[in-house]
$ cat data_10.txt   # compact mmCIF, C-alpha atoms
# COMPACT_ATOMS: atom_id res chain seq x y z
CA MET A 1174 121.98 34.52 401.74
CA THR A 1175 121.45 31.19 403.49
CA ALA A 1176 118.23 29.25 403.24
CA SER A 1177 115.65 30.33 405.80
CA PRO A 1178 113.91 27.62 407.86
CA GLY A 1179 110.70 26.47 406.24
CA ARG A 1180 111.25 28.34 402.97
CA ARG A 1181 111.02 26.11 399.93
CA VAL A 1182 110.37 26.04 396.21
CA LEU A 1183 108.06 23.55 394.52
CA LEU A 1184 109.28 23.07 390.94
CA ALA A 1185 106.75 21.69 388.46
CA ALA A 1186 107.58 18.76 386.20
CA PRO A 1187 106.92 18.74 383.35
CA ARG A 1188 107.36 22.40 382.49
CA GLY A 1189 108.74 24.47 379.62
CA TYR A 1190 109.24 23.35 376.03
CA CYS A 1191 106.78 20.87 374.58
CA ALA A 1192 107.60 18.74 371.54
CA GLY A 1193 105.82 21.11 369.12
CA VAL A 1194 107.71 24.17 370.36
CA ASP A 1195 111.03 22.34 370.39
CA ARG A 1196 110.44 21.27 366.79
CA ALA A 1197 109.50 24.79 365.66
CA VAL A 1198 112.48 26.52 367.30
CA ILE A 1199 114.94 23.92 365.97
CA ALA A 1200 113.36 24.31 362.52
CA VAL A 1201 114.18 28.03 362.47
CA GLU A 1202 117.74 27.37 363.66
CA LYS A 1203 118.25 24.61 361.07
CA ALA A 1204 116.84 26.76 358.26
CA LEU A 1205 119.25 29.58 359.15
CA GLU A 1206 122.12 27.09 359.33
CA GLN A 1207 121.17 25.40 356.06
CA TYR A 1208 120.13 28.36 353.93
CA GLY A 1209 121.67 31.36 355.67
CA ALA A 1210 119.88 34.55 356.71
CA PRO A 1211 117.40 35.88 356.22
CA VAL A 1212 114.66 33.35 356.96
CA TYR A 1213 111.30 35.06 357.38
CA VAL A 1214 108.80 33.79 359.95
CA ARG A 1215 105.12 34.69 359.76
CA HIS A 1216 104.12 35.73 363.28
CA GLU A 1217 106.22 34.78 366.29
CA ILE A 1218 107.42 31.20 365.83
CA VAL A 1219 106.22 30.59 369.40
CA HIS A 1220 104.84 33.03 371.95
CA ASN A 1221 107.97 33.82 373.94
CA LYS A 1222 109.86 37.10 373.97
CA TYR A 1223 113.28 35.59 374.77
CA VAL A 1224 113.02 32.95 372.01
CA VAL A 1225 111.99 35.52 369.40
CA GLN A 1226 114.78 37.93 370.38
CA THR A 1227 117.37 35.11 370.30
CA LEU A 1228 116.30 33.98 366.83
CA GLU A 1229 116.28 37.56 365.53
CA LYS A 1230 119.92 37.88 366.55
CA LYS A 1231 120.67 34.78 364.45
CA GLY A 1232 119.00 36.24 361.35
CA ALA A 1233 115.31 35.38 361.55
CA ILE A 1234 112.92 38.16 360.52
CA PHE A 1235 109.43 38.05 362.01
CA VAL A 1236 106.58 39.54 359.98
CA GLU A 1237 102.86 39.87 360.57
CA ARG A 1238 101.75 39.49 356.95
CA THR A 1239 102.93 37.22 354.15
CA GLU A 1240 103.07 40.21 351.77
CA GLU A 1241 105.91 41.68 353.85
CA VAL A 1242 108.27 38.95 352.60
CA PRO A 1243 110.13 39.90 349.39
CA PRO A 1244 109.66 37.46 346.45
CA GLY A 1245 112.27 34.71 346.17
CA ASN A 1246 112.69 34.28 349.92
CA ILE A 1247 111.88 31.58 352.45
CA VAL A 1248 108.98 32.03 354.85
CA MET A 1249 108.23 29.75 357.79
CA PHE A 1250 104.78 29.31 359.30
CA SER A 1251 104.70 29.33 363.10
CA ALA A 1252 103.83 26.48 365.46
CA HIS A 1253 100.29 27.89 365.80
CA GLY A 1254 99.38 27.03 362.20
CA VAL A 1255 97.87 29.11 359.39
CA ALA A 1256 94.74 29.05 357.25
CA PRO A 1257 94.85 27.69 353.67
CA VAL A 1258 94.63 31.26 352.35
CA VAL A 1259 98.08 31.96 353.81
CA HIS A 1260 99.62 29.08 351.84
CA GLU A 1261 98.01 30.61 348.75
CA GLU A 1262 99.44 34.05 349.62
CA ALA A 1263 102.92 32.53 349.83
CA LYS A 1264 102.46 30.85 346.47
CA GLN A 1265 101.31 34.10 344.86
CA GLY A 1266 104.22 35.92 346.49
CA ARG A 1267 106.72 33.47 344.97
CA LEU A 1268 107.96 32.28 348.34
CA ALA A 1269 109.42 28.93 349.37
CA THR A 1270 107.69 27.78 352.55
CA ILE A 1271 108.49 25.75 355.66
CA ASP A 1272 105.48 24.66 357.69
CA ALA A 1273 106.43 24.45 361.38
CA THR A 1274 102.82 23.98 362.55
CA CYS A 1275 102.67 21.75 365.63
CA PRO A 1276 101.42 18.30 364.55
CA LEU A 1277 98.76 18.45 367.27
CA VAL A 1278 97.40 21.68 365.77
CA THR A 1279 97.51 20.06 362.33
CA LYS A 1280 95.35 17.26 363.77
CA VAL A 1281 92.68 19.81 364.74
CA HIS A 1282 92.87 21.36 361.23
CA LYS A 1283 92.27 17.93 359.68
CA GLU A 1284 89.33 17.30 362.01
CA ALA A 1285 87.81 20.64 360.95
CA VAL A 1286 88.17 19.74 357.26
CA ARG A 1287 86.67 16.29 357.78
CA PHE A 1288 83.64 17.45 359.79
CA ALA A 1289 83.02 20.33 357.37
CA GLY A 1290 83.13 17.79 354.53
CA GLU A 1291 80.39 15.84 356.34
CA ASP A 1292 78.41 19.12 356.66
CA TYR A 1293 78.59 19.45 360.45
CA ASP A 1294 78.34 22.74 362.28
CA ILE A 1295 81.67 23.01 364.11
CA LEU A 1296 81.82 24.86 367.43
CA LEU A 1297 85.44 25.90 367.97
CA ILE A 1298 86.19 26.59 371.62
CA GLY A 1299 88.98 29.16 371.84
CA HIS A 1300 90.03 32.76 372.26
CA GLU A 1301 89.13 35.28 369.58
CA GLY A 1302 92.15 36.64 367.72
CA HIS A 1303 94.56 33.87 368.75
CA GLU A 1304 96.67 32.72 365.77
CA GLU A 1305 95.70 29.09 366.28
CA VAL A 1306 91.99 29.92 366.22
CA ILE A 1307 92.41 32.04 363.08
CA GLY A 1308 94.26 29.20 361.35
CA THR A 1309 91.74 26.50 362.30
CA SER A 1310 88.74 28.69 361.42
CA GLY A 1311 90.26 29.32 358.00
CA GLU A 1312 90.05 25.62 357.15
CA ALA A 1313 86.24 25.73 357.01
CA PRO A 1314 84.99 29.28 357.59
CA ASP A 1315 81.43 28.49 356.46
CA HIS A 1316 81.08 25.69 359.02
CA ILE A 1317 82.98 27.01 362.05
CA GLN A 1318 81.80 29.42 364.72
CA LEU A 1319 83.92 30.47 367.69
CA VAL A 1320 82.77 29.85 371.26
CA ASP A 1321 84.93 31.94 373.59
CA GLY A 1322 84.00 30.38 376.93
CA PRO A 1323 80.72 29.37 378.62
CA GLY A 1324 79.37 32.93 378.36
CA ASP A 1325 79.27 32.61 374.57
CA VAL A 1326 77.04 29.54 374.52
CA ALA A 1327 73.72 31.39 374.68
CA LYS A 1328 74.30 33.09 371.32
CA VAL A 1329 75.30 29.91 369.43
CA GLU A 1330 72.89 28.91 366.68
CA VAL A 1331 73.23 25.83 364.44
CA ARG A 1332 71.44 24.57 361.32
CA ASP A 1333 70.79 21.03 362.55
CA PRO A 1334 71.18 20.19 366.28
CA SER A 1335 71.79 16.54 365.34
CA LYS A 1336 74.92 17.45 363.34
CA VAL A 1337 77.08 19.49 365.71
CA VAL A 1338 80.63 18.81 366.86
CA TRP A 1339 83.02 20.73 369.10
CA LEU A 1340 86.75 21.26 368.57
CA SER A 1341 89.12 23.39 370.65
CA GLN A 1342 92.25 25.48 370.66
CA THR A 1343 95.04 23.21 371.97
CA THR A 1344 96.36 25.59 374.66
CA LEU A 1345 93.23 26.20 376.76
CA SER A 1346 92.53 25.39 380.38
CA VAL A 1347 91.17 21.83 380.50
CA ASP A 1348 88.62 22.72 383.19
CA GLU A 1349 87.33 25.84 381.43
CA THR A 1350 87.03 23.96 378.14
CA MET A 1351 85.00 21.18 379.73
CA GLU A 1352 82.78 23.78 381.42
CA THR A 1353 82.09 25.21 377.94
CA VAL A 1354 81.50 21.72 376.52
CA ASP A 1355 79.01 20.96 379.34
CA ALA A 1356 77.11 24.17 378.61
CA LEU A 1357 77.05 23.34 374.89
CA LYS A 1358 75.75 19.83 375.62
CA GLU A 1359 72.92 21.28 377.66
CA LYS A 1360 71.88 23.36 374.66
CA PHE A 1361 72.69 20.70 372.05
CA PRO A 1362 72.24 17.22 373.63
CA GLN A 1363 73.42 15.49 370.43
CA LEU A 1364 76.69 17.42 370.35
CA ILE A 1365 79.53 15.06 369.51
CA SER A 1366 83.13 15.24 370.68
CA PRO A 1367 86.23 15.02 368.50
CA PRO A 1368 87.77 11.53 368.20
CA SER A 1369 90.52 12.52 370.65
CA ASP A 1370 91.05 15.41 373.07
CA ASP A 1371 92.15 18.53 371.24
CA ILE A 1372 93.85 20.11 374.25
CA CYS A 1373 97.44 18.99 373.84
CA TYR A 1374 99.16 16.53 376.18
CA ALA A 1375 101.74 19.18 377.21
CA THR A 1376 99.11 21.76 378.18
CA GLN A 1377 97.27 19.14 380.26
CA ASN A 1378 100.44 17.88 381.96
CA ARG A 1379 101.63 21.39 382.88
CA GLN A 1380 98.22 22.25 384.29
CA LEU A 1381 98.14 19.01 386.28
CA ALA A 1382 101.53 19.78 387.90
CA VAL A 1383 100.36 23.29 388.82
CA LYS A 1384 97.16 21.89 390.35
CA GLN A 1385 99.25 19.59 392.52
CA MET A 1386 101.58 22.33 393.79
CA GLY A 1387 99.00 25.13 393.87
CA ALA A 1388 97.30 23.55 396.86
CA GLU A 1389 100.56 23.84 398.86
CA ALA A 1390 102.09 27.03 397.46
CA ASP A 1391 101.48 30.51 398.88
CA LEU A 1392 102.78 32.01 395.64
CA VAL A 1393 103.13 30.52 392.15
CA ILE A 1394 105.46 32.14 389.61
CA VAL A 1395 104.77 31.18 386.00
CA VAL A 1396 107.57 31.96 383.56
CA GLY A 1397 106.07 32.90 380.21
CA SER A 1398 105.10 35.76 377.92
CA ARG A 1399 101.86 37.68 378.14
CA ASN A 1400 100.76 36.66 374.66
CA SER A 1401 101.18 32.97 375.51
CA SER A 1402 97.74 31.42 376.01
CA ASN A 1403 99.00 28.30 377.79
CA SER A 1404 101.19 30.36 380.16
CA LYS A 1405 98.28 32.61 381.14
CA ARG A 1406 96.14 29.56 381.78
CA LEU A 1407 98.77 28.26 384.26
CA VAL A 1408 98.34 31.44 386.33
CA GLU A 1409 94.58 30.87 386.43
CA VAL A 1410 94.94 27.17 387.26
CA ALA A 1411 97.32 27.96 390.15
CA LYS A 1412 94.83 30.35 391.75
CA LEU A 1413 91.94 27.92 391.32
CA ALA A 1414 94.07 25.19 392.92
CA GLY A 1415 94.49 27.25 396.07
CA ALA A 1416 97.58 29.43 395.62
CA ARG A 1417 97.17 32.75 397.40
CA ALA A 1418 98.75 34.57 394.47
CA SER A 1419 100.17 33.75 391.04
CA TYR A 1420 102.06 35.94 388.59
CA LEU A 1421 103.35 35.68 385.03
CA VAL A 1422 106.90 36.91 384.34
CA ASP A 1423 109.11 36.82 381.26
CA PHE A 1424 112.33 37.20 383.25
CA ALA A 1425 113.50 36.87 386.87
CA ASP A 1426 114.06 40.61 387.22
CA GLU A 1427 110.31 41.17 386.79
CA ILE A 1428 109.60 39.45 390.13
CA ASP A 1429 108.56 41.92 392.84
CA GLU A 1430 110.15 41.19 396.25
CA ALA A 1431 106.91 42.35 397.87
CA TRP A 1432 105.30 39.17 396.53
CA LEU A 1433 107.42 37.18 399.01
CA GLU A 1434 106.00 38.87 402.13
CA GLY A 1435 104.60 36.17 404.41
CA VAL A 1436 105.43 33.46 401.87
CA THR A 1437 107.10 30.21 402.87
CA THR A 1438 106.35 28.08 399.77
CA VAL A 1439 106.82 29.29 396.19
CA GLY A 1440 105.70 27.22 393.22
CA VAL A 1441 107.60 27.67 389.95
CA THR A 1442 106.63 26.50 386.49
CA SER A 1443 106.87 27.66 382.88
CA GLY A 1444 104.72 27.70 379.78
CA ALA A 1445 105.21 25.32 376.88
CA SER A 1446 107.22 27.88 374.86
CA VAL A 1447 109.72 28.78 377.59
CA PRO A 1448 113.39 27.66 377.51
CA GLU A 1449 114.75 26.19 380.75
CA VAL A 1450 117.41 28.90 381.12
CA LEU A 1451 114.68 31.37 382.15
CA VAL A 1452 113.42 29.02 384.88
CA GLU A 1453 117.00 28.58 386.17
CA GLN A 1454 117.32 32.35 386.47
CA VAL A 1455 114.12 32.49 388.56
CA LEU A 1456 115.42 29.72 390.84
CA GLU A 1457 118.69 31.62 391.29
CA TRP A 1458 116.76 34.81 392.11
CA LEU A 1459 114.71 32.96 394.75
CA ALA A 1460 117.79 31.20 396.19
CA ARG A 1461 119.45 34.59 396.82
CA ARG A 1462 116.43 35.45 398.94
CA GLY A 1463 116.50 32.33 401.07
CA PHE A 1464 114.45 29.95 398.95
CA GLU A 1465 117.16 27.37 398.27
CA ASP A 1466 115.27 24.18 399.15
CA VAL A 1467 113.81 22.93 395.83
CA GLU A 1468 111.35 20.02 395.64
CA ILE A 1469 110.14 18.56 392.34
CA VAL A 1470 106.38 18.12 391.86
CA LYS A 1471 106.11 15.51 389.13
CA ALA A 1472 102.77 15.09 387.38
CA ALA A 1473 103.70 13.09 384.27
CA GLU A 1474 106.48 11.71 382.12
CA GLU A 1475 106.90 13.13 378.64
CA SER A 1476 108.75 11.34 375.87
CA ILE A 1477 106.99 12.60 372.72
CA THR A 1478 109.13 14.04 369.94
CA PHE A 1479 108.22 15.25 366.46
CA SER A 1480 110.33 15.03 363.31
CA LEU A 1481 111.42 18.29 361.69
CA PRO A 1482 109.39 19.76 358.79
CA LYS A 1483 109.97 17.82 355.58
CA GLU A 1484 110.79 21.02 353.69
CA LEU A 1485 114.17 21.17 355.43
CA ARG A 1486 115.22 18.23 353.27
CA ARG A 1487 114.98 20.34 350.08
CA ASP A 1488 117.04 23.18 348.63
CA LEU A 1489 114.59 25.97 349.36
CA ARG A 1490 116.81 28.81 348.18
CA GLU A 1491 116.88 27.18 344.74
CA GLU A 1492 113.14 26.57 344.94
CA ALA A 1493 112.49 30.23 345.81
CA ALA A 1494 114.67 31.44 342.91
CA ALA A 1495 112.79 29.13 340.54
CA LEU A 1496 109.45 30.57 341.67
CA VAL A 1497 110.66 34.06 340.73
CA ALA A 1498 112.14 32.86 337.41
CA GLU A 1499 108.81 31.20 336.51
CA ARG A 1500 107.26 34.67 336.29
CA GLY A 1501 109.90 36.13 334.04
CA GLY A 1502 112.09 37.37 336.87
CA ALA A 1503 109.64 40.09 337.90
CA GLY A 1504 110.36 41.21 341.42
CA ALA A 1505 113.76 39.54 341.65
CA ALA A 1506 114.73 37.89 344.90
CA GLU A 1507 115.79 40.29 347.60
CA ALA A 1508 117.78 39.54 350.72
$ encode --input "data_10.txt" --output "structure tokens"
Amino acid sequence: MTASPGRRVLLAAPRGYCAGVDRAVIAVEKALEQYGAPVYVRHEIVHNKYVVQTLEKKGAIFVERTEEVPPGNIVMFSAHGVAPVVHEEAKQGRLATIDATCPLVTKVHKEAVRFAGEDYDILLIGHEGHEEVIGTSGEAPDHIQLVDGPGDVAKVEVRDPSKVVWLSQTTLSVDETMETVDALKEKFPQLISPPSDDICYATQNRQLAVKQMGAEADLVIVVGSRNSSNSKRLVEVAKLAGARASYLVDFADEIDEAWLEGVTTVGVTSGASVPEVLVEQVLEWLARRGFEDVEIVKAAEESITFSLPKELRRDLREEAAALVAERGGAGAAEA
């Protein structure tokens, strides 16, 4: 099909993999390469169906609980981070560990520990049940209370209004987070902010690009999985920016042709855990329907990279075997 006059695609830049996701996915691949299968991963390494399925085919085994990993094996912690109790579970289970927590999430964990050590009440802005929130809360459970949006502010109570700080989940909508912060400041005028923004640079940049194209796009397609917080936020940001409609899809074949009725401009972006191949498939799908003219909407340059987890420099299979041997060989290593 040839391009139809006036039909175009606005392609967000940046989009897709952030440095933390790239690091985590490469860490699983390197561990499989270095140590052989299986390598267990606690929770999805990142929230993307295609990535998880691809790594499973290579020998990764995803589990929900640390206890599911047989003694003497390697377990990797996902990019979302885990609470200290999970590290202890791995130790008790005689497991060698690789911590693939995104360094920006680790920064929030350290802030939580520091403020708890100074006896602050910590108001953690985030979504209940999200792995990142569970991990951060576990660093200082006696000091942290969750604030799930502006509607939660009324029920927040603190011990000393002069010693209150807010932290946030890294993948939230910037605007919604600041709305929650403003409501908290009204209630607690002495509320202090973390030393640097907790919402990660990649989340902010992807939202900024969507804001820029949402004002021009009739339809915005966000490539990402339904359990990906940052991907879902992009759908919301697109609508708030003026897009008539916005939808989240894992794969191109989930797009409904009815969405294109009356549409001349389609915006396309992807969440921070989405490989570029999935975006290319969406662009091909749109091109076959006359949307061949692609314009880049560039919001920021990204050059940040993170080094791989230090544990990949050790012989973890040997380490795991030693952990089993330490306890008299009980529960010998299983594949």
$ closest_residue --input "data_10.txt" --among "A:Ala1313, A:Val1306, A:Ala1418, A:Ala1494" --to "Asp1292 in chain A" --atoms "only C-alpha atoms"
A:Ala1313
$ atom_distance --input "data_10.txt" --atom1 "CA of Trp1339 in chain A" --atom2 "CA of Ser1366 in chain A"
5.7 Å
$ closest_residue --input "data_10.txt" --among "A:Leu1297, A:Leu1184, A:Ile1247, A:Ala1493" --to "Gly1209 in chain A" --atoms "all atoms listed in the file"
A:Ile1247
$ closest_residue --input "data_10.txt" --among "A:Val1441, A:His1282, A:Gly1397, A:Glu1427" --to "Ala1411 in chain A" --atoms "only C-alpha atoms"
A:Val1441
$ atom_distance --input "data_10.txt" --atom1 "CA of Thr1478 in chain A" --atom2 "CA of Gly1254 in chain A"
18.0 Å
$ residues_near_point --input "data_10.txt" --point "(106.2, 22.6, 353.0)" --cutoff "7 Å" --atoms "only C-alpha atoms" --output "mmCIF file with C-alpha atoms, in the frame of the given file"
data_model
loop_
_atom_site.group_PDB
_atom_site.id
_atom_site.type_symbol
_atom_site.label_atom_id
_atom_site.label_comp_id
_atom_site.auth_asym_id
_atom_site.auth_seq_id
_atom_site.Cartn_x
_atom_site.Cartn_y
_atom_site.Cartn_z
ATOM 1 C CA THR A 1270 107.690 27.780 352.550
ATOM 2 C CA ILE A 1271 108.490 25.750 355.660
ATOM 3 C CA ASP A 1272 105.480 24.660 357.690
ATOM 4 C CA LYS A 1483 109.970 17.820 355.580
ATOM 5 C CA GLU A 1484 110.790 21.020 353.690
#
$ axis_aligned_box --input "data_10.txt" --around "range 1432-1438 of chain A" --padding-each-side "3 Å" --output "JSON"
{"center_x": 106.0, "center_y": 33.6, "center_z": 400.5, "size_x": 8.8, "size_y": 17.1, "size_z": 13.9}
$ atom_distance --input "data_10.txt" --atom1 "CA of Leu1421 in chain A" --atom2 "CA of Arg1399 in chain A"
7.3 Å
$ closest_residue --input "data_10.txt" --among "A:Phe1250, A:Phe1464, A:Tyr1190, A:Phe1361" --to "Glu1217 in chain A" --atoms "only C-alpha atoms"
A:Phe1250
$ residues_around --input "data_10.txt" --residues "Ala1356 in chain A" --least-positions-apart "4" --cutoff "7 Å" --atoms "only C-alpha atoms" --output "list in words"
Pro1323, Val1326, Glu1352 and Lys1360 of chain A
$ residues_around --input "data_10.txt" --residues "Val1236 in chain A" --least-positions-apart "3" --cutoff "9 Å" --atoms "all atoms listed in the file" --output "PyMOL selection string"
chain A and resi 1213-1217+1239-1242
$ residues_around --input "data_10.txt" --residues "Thr1309 in chain A" --least-positions-apart "5" --cutoff "9 Å" --atoms "all atoms listed in the file" --output "list in words"
Gly1254, Val1255, Ala1256, Val1278, Thr1279, Val1281, His1282, Lys1283, Ala1285, Leu1297, Glu1304, Pro1314, Ile1317 and Gln1342 of chain A
$ write_last_selection --input "data_10.txt" --atoms "C-alpha atoms" --output "short mmCIF file (atom, residue, chain, number, x, y, z; two decimals), in the frame of the given file"
data_model
loop_
_atom_site.label_atom_id
_atom_site.label_comp_id
_atom_site.auth_asym_id
_atom_site.auth_seq_id
_atom_site.Cartn_x
_atom_site.Cartn_y
_atom_site.Cartn_z
CA GLY A 1254 99.38 27.03 362.20
CA VAL A 1255 97.87 29.11 359.39
CA ALA A 1256 94.74 29.05 357.25
CA VAL A 1278 97.40 21.68 365.77
CA THR A 1279 97.51 20.06 362.33
CA VAL A 1281 92.68 19.81 364.74
CA HIS A 1282 92.87 21.36 361.23
CA LYS A 1283 92.27 17.93 359.68
CA ALA A 1285 87.81 20.64 360.95
CA LEU A 1297 85.44 25.90 367.97
CA GLU A 1304 96.67 32.72 365.77
CA PRO A 1314 84.99 29.28 357.59
CA ILE A 1317 82.98 27.01 362.05
CA GLN A 1342 92.25 25.48 370.66
#
$ residues_near_point --input "data_10.txt" --point "(104.9, 11.6, 385.6)" --cutoff "10 Å" --atoms "only C-alpha atoms" --output "PyMOL selection string"
chain A and resi 1186-1187+1378+1382+1470-1475
$ residues_around --input "data_10.txt" --residues "Glu1453 in chain A" --least-positions-apart "6" --cutoff "12 Å" --atoms "all atoms listed in the file" --output "PyMOL selection string"
chain A and resi 1184+1189+1396+1424-1425+1441-1443+1447+1459-1460+1467
$ decode --input "data_10.txt" --residues "range 1323-1338 of chain A" --atoms "N, CA, C and O atoms" --output "PDB file, in the first residue's frame"
ATOM      1  N   PRO A1323      -2.655  11.571  44.932  1.00  0.00           N
ATOM      2  CA  PRO A1323      -3.179  12.683  45.740  1.00  0.00           C
ATOM      3  C   PRO A1323      -4.337  12.276  46.647  1.00  0.00           C
ATOM      4  O   PRO A1323      -4.500  12.821  47.738  1.00  0.00           O
ATOM      5  N   GLY A1324      -5.140  11.303  46.191  1.00  0.00           N
ATOM      6  CA  GLY A1324      -6.294  10.868  46.975  1.00  0.00           C
ATOM      7  C   GLY A1324      -5.929  10.201  48.286  1.00  0.00           C
ATOM      8  O   GLY A1324      -6.772  10.076  49.192  1.00  0.00           O
ATOM      9  N   ASP A1325      -4.678   9.785  48.426  1.00  0.00           N
ATOM     10  CA  ASP A1325      -4.220   9.115  49.648  1.00  0.00           C
ATOM     11  C   ASP A1325      -3.748  10.092  50.724  1.00  0.00           C
ATOM     12  O   ASP A1325      -3.554   9.699  51.879  1.00  0.00           O
ATOM     13  N   VAL A1326      -3.559  11.348  50.334  1.00  0.00           N
ATOM     14  CA  VAL A1326      -2.908  12.311  51.238  1.00  0.00           C
ATOM     15  C   VAL A1326      -3.701  12.535  52.517  1.00  0.00           C
ATOM     16  O   VAL A1326      -3.127  12.651  53.606  1.00  0.00           O
ATOM     17  N   ALA A1327      -5.016  12.574  52.409  1.00  0.00           N
ATOM     18  CA  ALA A1327      -5.861  12.886  53.578  1.00  0.00           C
ATOM     19  C   ALA A1327      -5.638  11.913  54.730  1.00  0.00           C
ATOM     20  O   ALA A1327      -5.731  12.297  55.902  1.00  0.00           O
ATOM     21  N   LYS A1328      -5.324  10.663  54.423  1.00  0.00           N
ATOM     22  CA  LYS A1328      -5.191   9.669  55.501  1.00  0.00           C
ATOM     23  C   LYS A1328      -3.772   9.565  56.070  1.00  0.00           C
ATOM     24  O   LYS A1328      -3.528   8.800  56.996  1.00  0.00           O
ATOM     25  N   VAL A1329      -2.828  10.336  55.536  1.00  0.00           N
ATOM     26  CA  VAL A1329      -1.440  10.264  56.006  1.00  0.00           C
ATOM     27  C   VAL A1329      -1.300  10.927  57.379  1.00  0.00           C
ATOM     28  O   VAL A1329      -1.740  12.057  57.582  1.00  0.00           O
ATOM     29  N   GLU A1330      -0.701  10.195  58.293  1.00  0.00           N
ATOM     30  CA  GLU A1330      -0.411  10.738  59.627  1.00  0.00           C
ATOM     31  C   GLU A1330       1.082  10.537  59.907  1.00  0.00           C
ATOM     32  O   GLU A1330       1.650   9.501  59.551  1.00  0.00           O
ATOM     33  N   VAL A1331       1.716  11.528  60.531  1.00  0.00           N
ATOM     34  CA  VAL A1331       3.145  11.426  60.851  1.00  0.00           C
ATOM     35  C   VAL A1331       3.366  11.739  62.334  1.00  0.00           C
ATOM     36  O   VAL A1331       2.520  12.348  62.985  1.00  0.00           O
ATOM     37  N   ARG A1332       4.521  11.317  62.855  1.00  0.00           N
ATOM     38  CA  ARG A1332       4.832  11.550  64.268  1.00  0.00           C
ATOM     39  C   ARG A1332       5.216  12.995  64.523  1.00  0.00           C
ATOM     40  O   ARG A1332       4.813  13.609  65.513  1.00  0.00           O
ATOM     41  N   ASP A1333       6.037  13.548  63.617  1.00  0.00           N
ATOM     42  CA  ASP A1333       6.559  14.908  63.821  1.00  0.00           C
ATOM     43  C   ASP A1333       6.549  15.619  62.464  1.00  0.00           C
ATOM     44  O   ASP A1333       7.353  15.309  61.580  1.00  0.00           O
ATOM     45  N   PRO A1334       5.624  16.568  62.251  1.00  0.00           N
ATOM     46  CA  PRO A1334       5.505  17.250  60.950  1.00  0.00           C
ATOM     47  C   PRO A1334       6.769  18.000  60.518  1.00  0.00           C
ATOM     48  O   PRO A1334       6.901  18.380  59.358  1.00  0.00           O
ATOM     49  N   SER A1335       7.715  18.180  61.454  1.00  0.00           N
ATOM     50  CA  SER A1335       8.954  18.874  61.080  1.00  0.00           C
ATOM     51  C   SER A1335      10.024  17.889  60.591  1.00  0.00           C
ATOM     52  O   SER A1335      11.100  18.302  60.171  1.00  0.00           O
ATOM     53  N   LYS A1336       9.707  16.588  60.650  1.00  0.00           N
ATOM     54  CA  LYS A1336      10.673  15.574  60.202  1.00  0.00           C
ATOM     55  C   LYS A1336       9.990  14.599  59.231  1.00  0.00           C
ATOM     56  O   LYS A1336       9.760  13.434  59.561  1.00  0.00           O
ATOM     57  N   VAL A1337       9.638  15.135  58.062  1.00  0.00           N
ATOM     58  CA  VAL A1337       8.954  14.339  57.046  1.00  0.00           C
ATOM     59  C   VAL A1337       9.634  14.554  55.702  1.00  0.00           C
ATOM     60  O   VAL A1337       9.962  15.695  55.331  1.00  0.00           O
ATOM     61  N   VAL A1338       9.845  13.473  54.980  1.00  0.00           N
ATOM     62  CA  VAL A1338      10.473  13.551  53.663  1.00  0.00           C
ATOM     63  C   VAL A1338       9.663  12.690  52.688  1.00  0.00           C
ATOM     64  O   VAL A1338       9.042  11.713  53.093  1.00  0.00           O
TER      65      VAL A1338
END
